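Structure record follows, encoded as structure tokens.
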Amino acid sequence: MKKTKVVLPREHGGWAMISVPYIIGMMAAQPVLLHLPLFLAWLLLYLASYPLLQALRRGSKKRSWLKWGFGYAASAAAFLIPVVLLEPLLLGFAPVLLAFMMVHIWHVRRKAERALFNDICAILLFCTGGAAAYFLGGGRFDNGLTAVVLFNFLYFTGTVFFVKSVFRERKNRPYTYYSKIYHVVILAVPLLFGNPWLSLAYLFPLLRALKFSGTTMKPMKVGILEIVDAVQFLIVAVVIFLSV
């Protein structure tokens with residue numbers, strides 16, 4: 001009997017983007033029981049996006065892609081419905097998520113998924129999950145929500161510049177400089193927002209960019225660096241958000 005292979009996204013960085021902003025948003029407010037079903041819904045929507053986008057890209061196995069995509073989406077709805085019933089204001093994030101998703105679909109249809117603008121919109125989409133977690137934990141549209149979105153956005157944008165500088169844009173010398181300069185500049189952002197300790201979360205990304213941007217690296221080494229980077233960013237950000 002032929003085994004059915006589980007369909008999962010192949011972009012490893014997506015797992016950090018789906019979880020890190022969410023955890024930071026949750027911890028920056030107040031963790032509640034509803035955070036669990038909301039996260040499961042958020043995760044399943046991410047899983048659904050992969051096969052549904054593959055159905056747009058490829059003509060073969062379209063039926064199978066759609067089956068997996070709609071299956072994940074239905075499971076996400078099962079977890080999301082009770083959360084929305086108890087906190088209906090969360091629906092306010094839906095138009096934002098839809099807008100960013102439409103941008104991504106537009107790039108997929110034109111086979112331009114690697115465009116920088118598309119990457120930035122994808123990061124904002126994932127940061128919206130952190131905003132929703134913050135809102136669910138008792139936060140509102142305040143400085144705390146701005147901080148959750150902004151500091152996650154700055155961090156993950158840096159990973160985009162770095163990864164491009166060691167892979168697709170490795171031979172593009174200006175991109176190496178963009179990566180290094182960007183990581184230097186973002187150190188000052190927490191100072192401008194009155195939370196200088198958050199600059200600590202950007203020190204490891206800065207050292208990584210200064211040492212490796214523009215060099216030839218094996219994918220496994222890049223992946224390990226990204227995991228270490230994401231973990232340290234999460235730990236530092238959570239500790240600092242809990243202390244303010």
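Within each chain, counting starts at residue 1; across the structure tokens, chains are named A, B, ... in the order shown, with ligands numbered 1 upward in that order.
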
> If you count only C-alpha atoms, which residues fall within 12 Å of Trp106 of chain A, apart from same-chain ones fewer than 2 positions away, as number ranges by chain?
Replying inline: A: 53, 56-57, 99-104, 108-113, 115, 117-118, 121

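The list of residues with at least one atom within 10 Å of Tyr22 of chain A, based on only C-alpha atoms and without residues fewer than 4 positions apart in the same chain, reads Ala16, Met17, Ile18, Met26, Met27, Ala28, His35, Leu38, Phe39, Trp42, Phe126, Cys127, Thr128, Gly129, Gly130, Ala131, Ala132, Ala133, Tyr134, Val148, Val149 and Asn152 of chain A.
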
>> What does the structure give for the distance between atom CA of Ala122 of chain A and atom CA of Arg170 of chain A, in Å to one decimal?
In response: 22.0 Å

>> Would you pick out the contacts of Phe151 of chain A at 9 Å or less, using only C-alpha atoms, so that residues sharing its chain but fewer than 5 positions from it are not included, and give the list as a PyMOL selection string?
In response: chain A and resi 146+156+189-190+198+237

Shell of 12 Å around Val185 of chain A, only C-alpha atoms, local chain residues under 2 positions omitted, as a tab-separated table (two decimals) with N, CA and C atoms, in the first residue's frame:
chain	number	residue	atom	x	y	z
A	154	LEU	N	11.62	44.43	12.09
A	154	LEU	CA	13.02	44.79	11.88
A	154	LEU	C	13.91	43.56	11.89
A	155	TYR	N	13.65	42.66	12.82
A	155	TYR	CA	14.49	41.46	12.92
A	155	TYR	C	14.36	40.59	11.67
A	158	GLY	N	15.87	41.87	8.52
A	158	GLY	CA	17.31	41.64	8.54
A	158	GLY	C	17.68	40.25	8.06
A	178	TYR	N	24.20	46.49	1.82
A	178	TYR	CA	22.84	46.71	2.35
A	178	TYR	C	22.62	45.90	3.62
A	179	SER	N	23.04	44.64	3.57
A	179	SER	CA	22.85	43.75	4.71
A	179	SER	C	23.59	44.26	5.95
A	180	LYS	N	24.84	44.66	5.76
A	180	LYS	CA	25.64	45.11	6.89
A	180	LYS	C	25.14	46.46	7.43
A	181	ILE	N	24.86	47.39	6.54
A	181	ILE	CA	24.39	48.71	6.97
A	181	ILE	C	23.05	48.60	7.67
A	182	TYR	N	22.15	47.77	7.12
A	182	TYR	CA	20.83	47.61	7.74
A	182	TYR	C	20.96	47.14	9.18
A	183	HIS	N	21.82	46.15	9.42
A	183	HIS	CA	21.95	45.60	10.77
A	183	HIS	C	22.59	46.59	11.74
A	187	LEU	N	20.13	48.84	15.22
A	187	LEU	CA	20.53	48.91	16.63
A	187	LEU	C	20.03	50.19	17.29
A	188	ALA	N	19.87	51.26	16.49
A	188	ALA	CA	19.47	52.54	17.05
A	188	ALA	C	17.96	52.66	17.24
A	189	VAL	N	17.17	51.81	16.58
A	189	VAL	CA	15.71	51.94	16.64
A	189	VAL	C	15.17	51.80	18.06
A	190	PRO	N	15.58	50.78	18.82
A	190	PRO	CA	15.07	50.69	20.20
A	190	PRO	C	15.39	51.94	21.03
A	191	LEU	N	16.52	52.59	20.76
A	191	LEU	CA	16.87	53.81	21.49
A	191	LEU	C	15.85	54.90	21.21
A	192	LEU	N	15.40	54.99	19.95
A	192	LEU	CA	14.44	56.02	19.57
A	192	LEU	C	13.07	55.77	20.22
A	199	SER	N	17.98	46.55	21.89
A	199	SER	CA	19.10	46.53	20.94
A	199	SER	C	19.94	45.26	21.11
A	202	TYR	N	19.49	42.49	18.66
A	202	TYR	CA	20.00	42.68	17.30
A	202	TYR	C	21.52	42.55	17.21
A	203	LEU	N	22.19	42.28	18.34
A	203	LEU	CA	23.65	42.18	18.32
A	203	LEU	C	24.13	40.94	17.57
A	205	PRO	N	22.49	39.16	15.22
A	205	PRO	CA	22.29	39.36	13.78
A	205	PRO	C	23.32	40.29	13.16
A	206	LEU	N	23.73	41.32	13.90
A	206	LEU	CA	24.74	42.24	13.38
A	206	LEU	C	26.08	41.53	13.18

> What is the distance between atom CA of Val83 of chain A and atom CA of Leu34 of chain A, in Å to one decimal?
Replying inline: 6.4 Å

> In segment 31-167 of chain A, what's helix (DSSP H, G or I) per DSSP? Answer as a PyMOL selection string?
Replying inline: chain A and resi 35-57+62-86+88-109+116-136+143-166

>> Just checking: using only C-alpha atoms, which residue out of A:Leu125, A:Leu136, A:Val231, A:Ala55 ends up closest to Val32 of chain A?
In response: A:Leu136

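As for atom CA of Gln30 of chain A and atom CA of Gly138 of chain A, they are spaced 6.4 Å apart.
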
>> Neighbouring residues of Glu169 of chain A were defined as those with any atom within 12 Å, considering only C-alpha atoms; residues of the same chain fewer than 4 positions away were excluded. Please report them as a list in words.
In response: Arg114, Ala115, Leu116, Val160, Phe161, Phe162, Val163, Lys164, Ser165, Arg173, Pro174, Tyr175, Thr176, Tyr177, Tyr178, Ser179, Ser213, Gly214, Thr215 and Thr216 of chain A

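For segment 58-69 of chain A, the list of residues within 8 Å, based on only C-alpha atoms and with local chain neighbours fewer than 3 positions off taken out, reads A:Val7, A:Leu47, A:Ala48, A:Ser49, A:Tyr50, A:Pro51, A:Leu52, A:Gln54, A:Ala55, A:Tyr72, A:Ala73.
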
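Using only C-alpha atoms, the shortest contact distance between Gly223 of chain A and any of A:Lys171, A:Leu85, A:Gly13, A:Leu43 is found at A:Gly13.
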